[in-house]
Structures are given as structure tokens and as C-alpha cells.
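**Q** One structure, pasted below without further comment.
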Amino acid sequence: MRKSWFRLLCAAWLLAAGTPVRAEVRVIDDSGATISLAQPAKRIVSLAPHLTETLFAAGAGERIVGTVEYSEYPPAASRIARVGGYSRVDLERVAALRPELIIAWQSGNAAAHLDRLRALRIPIYLSQLNRIEDVASEIERLGVLAGSPAVANRAAEGFRQRLAALQKRYGSRPLVPTFYQIWKQPLMTVGRRQIISDVIRLCGGDNVFGKLETMAPTVTVEAVIAANPEVIVASGMDEARPEWLDDWRRWSTITAVARGNLFFVPPDLIQRHTPRLLEGAERLCQHLETARSRRPAP
């Protein structure tokens, strides 16, 4: 009895003193795998810019010890050590950072690289978001893994509230046939399972290539002309409107061209699966509203 009471008193003293208590954390990632840690990770390596951004949103920025090129948002991310690019990870640099957890992009990071990291017995959380609402749940899961659930839960709830407002505003608007252009050569768009297709649906748009199963299919100019989108949206690679968006003006038979519906959304706001995706969605929704306003009177 005395030993039991002594243990209880010690536990109470530790809690009162603010000493951290080891507690196992467990989440299920987007591949369906269960990630279990003896305690929240203090050293995290992120293998994609959008994952780094989401970790910061989840309150885990100070725990990121390594990330990849183009991880520049928020500004504090620019000061984190680099371990190569998301498609060419420097495995030796990752191992040298002694991470307790790796956050990886299922469709972006090379499977062979991830297998080699698993061989080092480093837990890997795989992310693959295909729906807008999945962003909120990912923030929550990363908060659990990093030991910052309070911050993460607040961020996730704020995301859900903003998403609900957009759904309420645009959910019943008339459909707008939309072509989203990722790049010019090759001419790439987004398929059914890509999260940008979900953004288009949110805004009351209809992705003209939304039946394609490939995440980022290559299409032809002839196919775009045949699809006759009412809106063409491009993002390019940086904050400037890509010059090649105006190349469509030579095909005046396309409704989007005839009505001047050639729009730009910054790639960081729509091509990264982060909380800022809603900023990109708001811009896209506004563009589709502009297209609706340009429809001829019945």
C-alpha cells in the first residue's frame, strides 16, 4: 500500500511540476496505415512544401528539422534545413537529421526513397488529399503526431467554417464548364481525383476533363476545343499570370475565349493542399461568377 501511495504521489508531483509525461499517439494516414509514436514527435522532416505549410498551421513549425526546396511559406519555413526536392530527396541528409517522424507525399515522393527510409525504422506518415474537407482532418492528425492538438483543432475548425460558407454561397449556382490548365507543354490538366477538381465543383464548375482517372492527365488542344469550356483557368509556376494563357485567343470558337473568360489563380493558393486552398477557391469562385455574369441574356 505504501509503495502504491508513493507512486501516486510521485505522479501527482510530476504533473504539478509540469514535467512532460510520455504518452503514445496514434493516427491513420491517407494510405490507411496506422502511425504509432511512443510520444509526440519532436523532430520532423517534411518531404513536400505543402506538407511543411500544413505542419505550421497545425502548430508544429518549431518541430520541423528538415524540409525540401520551395518550402517558403510561412516565412519561417525558409530557415529550415533542406534535404533536396520532393522528387529527389537526399536520403543521407534526412537520416543525419535523426527525425522521429517523416511526413511524405504519397503521389509526389518516390516510393523507392520512402522504402529506404522505412528500412531505417523511421515512421512515415503518407499524405494524399483528394477532397477539400480532407485538409481539416489532416491538420488535426498532424497536430496529434506533433503534440499540438489544441492549435491544430482550432485551425481545422476555422477551415471547416470557411468551407461551409463557400459551399452555402456557391453550392447551387448554375454549372460552368471549366478547363483548368496546369502547364502548356505538355498541355496538362486535372482529372477526377485531383483536389483541384473538387475546388471546381465547390464553385459550381464542371471540370470538362473530370471523368479522367489520371491525377494530372495530358490532353490535346483539339480535345480542349471539342470540350468547349466556358472558362479557362491557369496557374503556371509563380505569382505572375502565365503568358501562355493568352495563347488560347487564337481559337475564338471556344466560348471561354469569345467571352474573355481566361482567368489566373496563383499556384500556391490552389495547387498546394494547405489551408490556403480556400483562398484559391474563393478566387476561382469569383472567376466563375464573372463568367456567369457574361452569359447572354435569355
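Ordering of the C-alpha cells sets the chain letters (A, B, ...); residue numbers start at 1 within each chain; ligands are numbered from 1 in the order shown.
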List every residue of stretch 15-204 of chain A that DSSP, applied to the backbone, labels as strand (DSSP E or B), and write the result as a PDB file with N, CA, C and O atoms, in the first residue's frame.

**A**
ATOM      1  N   VAL A  25       0.870   8.309 -29.105  1.00  0.00           N
ATOM      2  CA  VAL A  25      -0.074   8.957 -30.012  1.00  0.00           C
ATOM      3  C   VAL A  25      -0.224   8.052 -31.233  1.00  0.00           C
ATOM      4  O   VAL A  25       0.705   7.356 -31.635  1.00  0.00           O
ATOM      5  N   ARG A  26      -1.407   8.085 -31.816  1.00  0.00           N
ATOM      6  CA  ARG A  26      -1.688   7.177 -32.931  1.00  0.00           C
ATOM      7  C   ARG A  26      -2.692   7.830 -33.878  1.00  0.00           C
ATOM      8  O   ARG A  26      -3.696   8.381 -33.436  1.00  0.00           O
ATOM      9  N   VAL A  27      -2.403   7.787 -35.191  1.00  0.00           N
ATOM     10  CA  VAL A  27      -3.328   8.274 -36.208  1.00  0.00           C
ATOM     11  C   VAL A  27      -3.281   7.321 -37.403  1.00  0.00           C
ATOM     12  O   VAL A  27      -2.349   6.514 -37.543  1.00  0.00           O
ATOM     13  N   ILE A  28      -4.266   7.437 -38.280  1.00  0.00           N
ATOM     14  CA  ILE A  28      -4.297   6.678 -39.526  1.00  0.00           C
ATOM     15  C   ILE A  28      -4.016   7.645 -40.664  1.00  0.00           C
ATOM     16  O   ILE A  28      -4.679   8.680 -40.776  1.00  0.00           O
ATOM     17  N   THR A  34      -1.589   2.754 -39.896  1.00  0.00           N
ATOM     18  CA  THR A  34      -1.623   3.338 -38.558  1.00  0.00           C
ATOM     19  C   THR A  34      -0.219   3.776 -38.166  1.00  0.00           C
ATOM     20  O   THR A  34       0.720   2.981 -38.203  1.00  0.00           O
ATOM     21  N   ILE A  35      -0.082   5.036 -37.796  1.00  0.00           N
ATOM     22  CA  ILE A  35       1.197   5.580 -37.363  1.00  0.00           C
ATOM     23  C   ILE A  35       1.154   5.704 -35.847  1.00  0.00           C
ATOM     24  O   ILE A  35       0.335   6.451 -35.300  1.00  0.00           O
ATOM     25  N   SER A  36       2.029   4.973 -35.170  1.00  0.00           N
ATOM     26  CA  SER A  36       2.072   4.992 -33.708  1.00  0.00           C
ATOM     27  C   SER A  36       3.422   5.511 -33.235  1.00  0.00           C
ATOM     28  O   SER A  36       4.463   5.051 -33.712  1.00  0.00           O
ATOM     29  N   LEU A  37       3.391   6.469 -32.325  1.00  0.00           N
ATOM     30  CA  LEU A  37       4.612   7.011 -31.734  1.00  0.00           C
ATOM     31  C   LEU A  37       4.512   6.890 -30.218  1.00  0.00           C
ATOM     32  O   LEU A  37       3.442   7.084 -29.650  1.00  0.00           O
ATOM     33  N   ILE A  44      10.803  16.446 -36.858  1.00  0.00           N
ATOM     34  CA  ILE A  44      10.000  16.049 -38.009  1.00  0.00           C
ATOM     35  C   ILE A  44      10.676  16.508 -39.299  1.00  0.00           C
ATOM     36  O   ILE A  44      11.190  17.631 -39.374  1.00  0.00           O
ATOM     37  N   VAL A  45      10.681  15.649 -40.303  1.00  0.00           N
ATOM     38  CA  VAL A  45      11.137  16.020 -41.640  1.00  0.00           C
ATOM     39  C   VAL A  45       9.928  15.982 -42.569  1.00  0.00           C
ATOM     40  O   VAL A  45       9.190  14.998 -42.599  1.00  0.00           O
ATOM     41  N   SER A  46       9.727  17.058 -43.307  1.00  0.00           N
ATOM     42  CA  SER A  46       8.613  17.173 -44.256  1.00  0.00           C
ATOM     43  C   SER A  46       9.154  17.083 -45.676  1.00  0.00           C
ATOM     44  O   SER A  46      10.100  17.798 -46.034  1.00  0.00           O
ATOM     45  N   ILE A  64       9.873  21.042 -37.032  1.00  0.00           N
ATOM     46  CA  ILE A  64      10.375  20.626 -38.345  1.00  0.00           C
ATOM     47  C   ILE A  64      11.877  20.890 -38.405  1.00  0.00           C
ATOM     48  O   ILE A  64      12.327  22.031 -38.310  1.00  0.00           O
ATOM     49  N   VAL A  65      12.658  19.838 -38.568  1.00  0.00           N
ATOM     50  CA  VAL A  65      14.126  19.980 -38.625  1.00  0.00           C
ATOM     51  C   VAL A  65      14.644  19.885 -40.050  1.00  0.00           C
ATOM     52  O   VAL A  65      15.819  20.173 -40.304  1.00  0.00           O
ATOM     53  N   GLY A  66      13.797  19.475 -40.984  1.00  0.00           N
ATOM     54  CA  GLY A  66      14.231  19.372 -42.372  1.00  0.00           C
ATOM     55  C   GLY A  66      13.047  19.407 -43.309  1.00  0.00           C
ATOM     56  O   GLY A  66      11.963  18.908 -42.978  1.00  0.00           O
ATOM     57  N   THR A  67      13.236  20.021 -44.487  1.00  0.00           N
ATOM     58  CA  THR A  67      12.182  20.064 -45.482  1.00  0.00           C
ATOM     59  C   THR A  67      12.822  20.150 -46.864  1.00  0.00           C
ATOM     60  O   THR A  67      14.042  20.053 -46.996  1.00  0.00           O
ATOM     61  N   ARG A  82      17.427  22.120 -45.726  1.00  0.00           N
ATOM     62  CA  ARG A  82      16.891  21.468 -46.927  1.00  0.00           C
ATOM     63  C   ARG A  82      17.453  20.060 -47.087  1.00  0.00           C
ATOM     64  O   ARG A  82      18.621  19.805 -46.795  1.00  0.00           O
ATOM     65  N   GLY A  84      16.937  18.381 -50.181  1.00  0.00           N
ATOM     66  CA  GLY A  84      16.694  18.135 -51.597  1.00  0.00           C
ATOM     67  C   GLY A  84      15.320  18.620 -52.008  1.00  0.00           C
ATOM     68  O   GLY A  84      14.745  19.524 -51.382  1.00  0.00           O
ATOM     69  N   GLY A  85      14.781  18.044 -53.091  1.00  0.00           N
ATOM     70  CA  GLY A  85      13.451  18.379 -53.568  1.00  0.00           C
ATOM     71  C   GLY A  85      12.503  17.226 -53.313  1.00  0.00           C
ATOM     72  O   GLY A  85      12.929  16.117 -52.999  1.00  0.00           O
ATOM     73  N   ARG A  88      13.389  14.371 -55.470  1.00  0.00           N
ATOM     74  CA  ARG A  88      14.777  13.890 -55.385  1.00  0.00           C
ATOM     75  C   ARG A  88      15.320  14.157 -53.982  1.00  0.00           C
ATOM     76  O   ARG A  88      16.171  15.004 -53.772  1.00  0.00           O
ATOM     77  N   VAL A  89      14.826  13.402 -53.061  1.00  0.00           N
ATOM     78  CA  VAL A  89      15.194  13.561 -51.659  1.00  0.00           C
ATOM     79  C   VAL A  89      16.605  13.045 -51.414  1.00  0.00           C
ATOM     80  O   VAL A  89      16.992  11.975 -51.903  1.00  0.00           O
ATOM     81  N   LEU A 101       9.922  11.387 -37.041  1.00  0.00           N
ATOM     82  CA  LEU A 101       8.762  11.219 -37.905  1.00  0.00           C
ATOM     83  C   LEU A 101       9.029  11.898 -39.245  1.00  0.00           C
ATOM     84  O   LEU A 101       9.629  12.972 -39.291  1.00  0.00           O
ATOM     85  N   ILE A 102       8.590  11.261 -40.328  1.00  0.00           N
ATOM     86  CA  ILE A 102       8.670  11.844 -41.665  1.00  0.00           C
ATOM     87  C   ILE A 102       7.247  12.005 -42.193  1.00  0.00           C
ATOM     88  O   ILE A 102       6.437  11.078 -42.112  1.00  0.00           O
ATOM     89  N   ILE A 103       6.948  13.188 -42.715  1.00  0.00           N
ATOM     90  CA  ILE A 103       5.663  13.442 -43.357  1.00  0.00           C
ATOM     91  C   ILE A 103       5.918  13.448 -44.860  1.00  0.00           C
ATOM     92  O   ILE A 103       6.675  14.290 -45.359  1.00  0.00           O
ATOM     93  N   ALA A 104       5.307  12.523 -45.600  1.00  0.00           N
ATOM     94  CA  ALA A 104       5.604  12.338 -47.017  1.00  0.00           C
ATOM     95  C   ALA A 104       4.360  12.486 -47.875  1.00  0.00           C
ATOM     96  O   ALA A 104       3.229  12.345 -47.400  1.00  0.00           O
ATOM     97  N   TRP A 105       4.581  12.749 -49.144  1.00  0.00           N
ATOM     98  CA  TRP A 105       3.524  12.947 -50.136  1.00  0.00           C
ATOM     99  C   TRP A 105       3.420  11.685 -50.979  1.00  0.00           C
ATOM    100  O   TRP A 105       4.327  11.344 -51.722  1.00  0.00           O
ATOM    101  N   ILE A 124       6.777   6.854 -41.048  1.00  0.00           N
ATOM    102  CA  ILE A 124       6.409   7.725 -42.163  1.00  0.00           C
ATOM    103  C   ILE A 124       4.896   7.857 -42.239  1.00  0.00           C
ATOM    104  O   ILE A 124       4.178   6.857 -42.324  1.00  0.00           O
ATOM    105  N   TYR A 125       4.431   9.096 -42.207  1.00  0.00           N
ATOM    106  CA  TYR A 125       3.014   9.416 -42.408  1.00  0.00           C
ATOM    107  C   TYR A 125       2.839   9.790 -43.868  1.00  0.00           C
ATOM    108  O   TYR A 125       3.504  10.713 -44.371  1.00  0.00           O
ATOM    109  N   LEU A 126       1.954   9.092 -44.593  1.00  0.00           N
ATOM    110  CA  LEU A 126       1.706   9.373 -46.003  1.00  0.00           C
ATOM    111  C   LEU A 126       0.468  10.236 -46.169  1.00  0.00           C
ATOM    112  O   LEU A 126      -0.601   9.909 -45.660  1.00  0.00           O
ATOM    113  N   SER A 127       0.632  11.329 -46.906  1.00  0.00           N
ATOM    114  CA  SER A 127      -0.467  12.247 -47.166  1.00  0.00           C
ATOM    115  C   SER A 127      -0.884  12.163 -48.628  1.00  0.00           C
ATOM    116  O   SER A 127      -0.040  12.157 -49.523  1.00  0.00           O
ATOM    117  N   VAL A 176     -20.735  25.786 -64.618  1.00  0.00           N
ATOM    118  CA  VAL A 176     -19.888  26.465 -65.600  1.00  0.00           C
ATOM    119  C   VAL A 176     -18.849  25.457 -66.103  1.00  0.00           C
ATOM    120  O   VAL A 176     -17.966  25.043 -65.337  1.00  0.00           O
ATOM    121  N   PRO A 177     -18.916  25.033 -67.370  1.00  0.00           N
ATOM    122  CA  PRO A 177     -17.900  24.127 -67.922  1.00  0.00           C
ATOM    123  C   PRO A 177     -16.513  24.779 -67.840  1.00  0.00           C
ATOM    124  O   PRO A 177     -16.312  25.883 -68.358  1.00  0.00           O
ATOM    125  N   THR A 178     -15.594  24.129 -67.165  1.00  0.00           N
ATOM    126  CA  THR A 178     -14.301  24.735 -66.829  1.00  0.00           C
ATOM    127  C   THR A 178     -13.131  23.851 -67.253  1.00  0.00           C
ATOM    128  O   THR A 178     -13.139  22.637 -67.010  1.00  0.00           O
ATOM    129  N   PHE A 179     -12.132  24.472 -67.861  1.00  0.00           N
ATOM    130  CA  PHE A 179     -10.870  23.785 -68.173  1.00  0.00           C
ATOM    131  C   PHE A 179      -9.782  24.399 -67.308  1.00  0.00           C
ATOM    132  O   PHE A 179      -9.536  25.603 -67.352  1.00  0.00           O
ATOM    133  N   TYR A 180      -9.131  23.563 -66.496  1.00  0.00           N
ATOM    134  CA  TYR A 180      -8.027  24.023 -65.658  1.00  0.00           C
ATOM    135  C   TYR A 180      -6.720  23.572 -66.293  1.00  0.00           C
ATOM    136  O   TYR A 180      -6.487  22.371 -66.481  1.00  0.00           O
ATOM    137  N   GLN A 181      -5.853  24.526 -66.597  1.00  0.00           N
ATOM    138  CA  GLN A 181      -4.586  24.231 -67.257  1.00  0.00           C
ATOM    139  C   GLN A 181      -3.435  24.340 -66.264  1.00  0.00           C
ATOM    140  O   GLN A 181      -3.161  25.403 -65.715  1.00  0.00           O
ATOM    141  N   TRP A 183      -0.205  23.345 -67.163  1.00  0.00           N
ATOM    142  CA  TRP A 183       1.017  23.700 -67.906  1.00  0.00           C
ATOM    143  C   TRP A 183       0.725  23.698 -69.391  1.00  0.00           C
ATOM    144  O   TRP A 183      -0.291  23.156 -69.841  1.00  0.00           O
ATOM    145  N   MET A 188      -1.293  20.051 -69.786  1.00  0.00           N
ATOM    146  CA  MET A 188      -1.753  19.226 -68.672  1.00  0.00           C
ATOM    147  C   MET A 188      -2.933  19.859 -67.965  1.00  0.00           C
ATOM    148  O   MET A 188      -3.037  21.087 -67.858  1.00  0.00           O
TER     149      MET A 188
END

**Q** Could you pull out the residues in stretch 176-232 of chain A that DSSP calls helix (DSSP H, G or I) from the backbone, as a list in words?

**A**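 DSSP-assigned helix (DSSP H, G or I) residues in stretch 176-232 of chain A: Ile195, Ile196, Ser197, Asp198, Val199, Ile200, Arg201, Leu202, Val221, Glu222, Ala223, Val224, Ile225, Ala226 and Ala227 of chain A.
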
**Q** Tell me which protein, DNA and RNA residues are within 12 Å of A:Asp268, counting only C-alpha atoms, leaving out same-chain ones fewer than 6 positions away, and put them as a PyMOL selection string.

**A** chain A and resi 49-50+53+70-74+235-240+274-281

**Q** Just want the 6 Å neighbourhood of stretch 54-59 of chain A, counted on only C-alpha atoms, with same-chain residues fewer than 2 positions away dropped. Output as a PyMOL selection string.

**A** chain A and resi 51-52+61+139+143+148+151-152+274

**Q** Save out the residues we just selected, N, CA and C atoms, as a PDB file, in the first residue's frame.

**A**
ATOM      1  N   LEU A  51       3.172  20.167 -47.297  1.00  0.00           N
ATOM      2  CA  LEU A  51       3.128  19.487 -46.007  1.00  0.00           C
ATOM      3  C   LEU A  51       3.805  20.327 -44.924  1.00  0.00           C
ATOM      4  N   THR A  52       4.872  21.014 -45.314  1.00  0.00           N
ATOM      5  CA  THR A  52       5.536  21.922 -44.378  1.00  0.00           C
ATOM      6  C   THR A  52       4.581  23.019 -43.945  1.00  0.00           C
ATOM      7  N   GLY A  61       5.407  23.915 -36.416  1.00  0.00           N
ATOM      8  CA  GLY A  61       6.517  24.505 -37.158  1.00  0.00           C
ATOM      9  C   GLY A  61       7.862  24.376 -36.469  1.00  0.00           C
ATOM     10  N   ILE A 139      -4.857  18.491 -40.796  1.00  0.00           N
ATOM     11  CA  ILE A 139      -4.344  19.412 -39.782  1.00  0.00           C
ATOM     12  C   ILE A 139      -4.482  18.782 -38.399  1.00  0.00           C
ATOM     13  N   GLY A 143      -1.461  17.552 -35.881  1.00  0.00           N
ATOM     14  CA  GLY A 143      -1.413  18.112 -34.538  1.00  0.00           C
ATOM     15  C   GLY A 143      -1.260  17.038 -33.476  1.00  0.00           C
ATOM     16  N   SER A 148       0.521  19.077 -30.700  1.00  0.00           N
ATOM     17  CA  SER A 148      -0.081  20.423 -30.678  1.00  0.00           C
ATOM     18  C   SER A 148      -1.556  20.353 -31.065  1.00  0.00           C
ATOM     19  N   VAL A 151      -3.874  23.766 -30.974  1.00  0.00           N
ATOM     20  CA  VAL A 151      -3.674  24.683 -32.095  1.00  0.00           C
ATOM     21  C   VAL A 151      -4.266  24.090 -33.365  1.00  0.00           C
ATOM     22  N   ALA A 152      -3.996  22.814 -33.590  1.00  0.00           N
ATOM     23  CA  ALA A 152      -4.480  22.153 -34.801  1.00  0.00           C
ATOM     24  C   ALA A 152      -5.994  22.107 -34.863  1.00  0.00           C
ATOM     25  N   THR A 274      -3.222  22.894 -48.795  1.00  0.00           N
ATOM     26  CA  THR A 274      -2.993  23.517 -47.498  1.00  0.00           C
ATOM     27  C   THR A 274      -4.217  24.345 -47.108  1.00  0.00           C
TER      28      THR A 274
END

**Q** Could you check how far atom CA of A:Arg283 sits from atom CA of A:Arg259, in Å to one decimal?

**A**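 Between these atoms lies a distance of 18.5 Å.
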
**Q** What's around A:Cys203 at 10 Å? Count only C-alpha atoms, leave out sequence neighbours fewer than 6 positions away in its own chain, and write the answer as a PyMOL selection string.

**A** chain A and resi 166-167+169-176+281-289

**Q** Set the distance at 7 Å and use only C-alpha atoms: which residues neighbour stretch 251-255 of chain A once local chain neighbours fewer than 4 positions away are removed? I'd like the list as a list in words.

**A** Ile225, Asn228, Pro229, Glu230 and Arg259 of chain A

**Q** Smallest atom-to-atom distance to A:Asp115: which of A:Leu91, A:Ile132, A:Ala41, A:Val265, using only C-alpha atoms?

**A**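 That would be A:Leu91, the residue with the smallest distance to A:Asp115.
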
**Q** If you count only C-alpha atoms, which residues fall within 9 Å of A:Arg131, apart from same-chain ones fewer than 2 positions away, as an NGL selection string?

**A** :A and (129 or 133-135 or 193-199)

**Q** Print the selection's residues with N, CA and C atoms to a file, as a PDB file, in the first residue's frame.

**A**
ATOM      1  N   LEU A 129      -4.265  14.020 -50.234  1.00  0.00           N
ATOM      2  CA  LEU A 129      -5.573  14.657 -50.106  1.00  0.00           C
ATOM      3  C   LEU A 129      -6.214  14.811 -51.476  1.00  0.00           C
ATOM      4  N   GLU A 133     -12.305  18.908 -47.930  1.00  0.00           N
ATOM      5  CA  GLU A 133     -12.543  18.713 -46.499  1.00  0.00           C
ATOM      6  C   GLU A 133     -11.449  17.888 -45.822  1.00  0.00           C
ATOM      7  N   ASP A 134     -10.658  17.154 -46.618  1.00  0.00           N
ATOM      8  CA  ASP A 134      -9.576  16.358 -46.045  1.00  0.00           C
ATOM      9  C   ASP A 134      -8.472  17.232 -45.453  1.00  0.00           C
ATOM     10  N   VAL A 135      -8.380  18.483 -45.887  1.00  0.00           N
ATOM     11  CA  VAL A 135      -7.350  19.377 -45.346  1.00  0.00           C
ATOM     12  C   VAL A 135      -7.539  19.544 -43.839  1.00  0.00           C
ATOM     13  N   ARG A 193      -9.864  12.725 -59.629  1.00  0.00           N
ATOM     14  CA  ARG A 193      -9.451  12.539 -58.234  1.00  0.00           C
ATOM     15  C   ARG A 193      -8.547  13.656 -57.718  1.00  0.00           C
ATOM     16  N   GLN A 194      -8.171  14.606 -58.576  1.00  0.00           N
ATOM     17  CA  GLN A 194      -7.303  15.694 -58.141  1.00  0.00           C
ATOM     18  C   GLN A 194      -8.101  16.697 -57.323  1.00  0.00           C
ATOM     19  N   ILE A 195      -7.507  17.205 -56.270  1.00  0.00           N
ATOM     20  CA  ILE A 195      -8.239  18.078 -55.352  1.00  0.00           C
ATOM     21  C   ILE A 195      -8.723  19.360 -56.030  1.00  0.00           C
ATOM     22  N   ILE A 196      -8.043  19.801 -57.096  1.00  0.00           N
ATOM     23  CA  ILE A 196      -8.496  20.997 -57.805  1.00  0.00           C
ATOM     24  C   ILE A 196      -9.852  20.749 -58.456  1.00  0.00           C
ATOM     25  N   SER A 197     -10.102  19.521 -58.883  1.00  0.00           N
ATOM     26  CA  SER A 197     -11.432  19.191 -59.410  1.00  0.00           C
ATOM     27  C   SER A 197     -12.498  19.398 -58.342  1.00  0.00           C
ATOM     28  N   ASP A 198     -12.140  19.106 -57.106  1.00  0.00           N
ATOM     29  CA  ASP A 198     -13.069  19.310 -56.001  1.00  0.00           C
ATOM     30  C   ASP A 198     -13.317  20.800 -55.780  1.00  0.00           C
ATOM     31  N   VAL A 199     -12.275  21.615 -55.962  1.00  0.00           N
ATOM     32  CA  VAL A 199     -12.434  23.062 -55.848  1.00  0.00           C
ATOM     33  C   VAL A 199     -13.376  23.571 -56.937  1.00  0.00           C
TER      34      VAL A 199
END

**Q** For atom CA of A:Pro149 and atom CA of A:Asp30, determine how far apart the two atoms are, in Å to one decimal place.

**A**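 Computing the Euclidean distance for atom CA of A:Pro149 and atom CA of A:Asp30 yields 18.6 Å.
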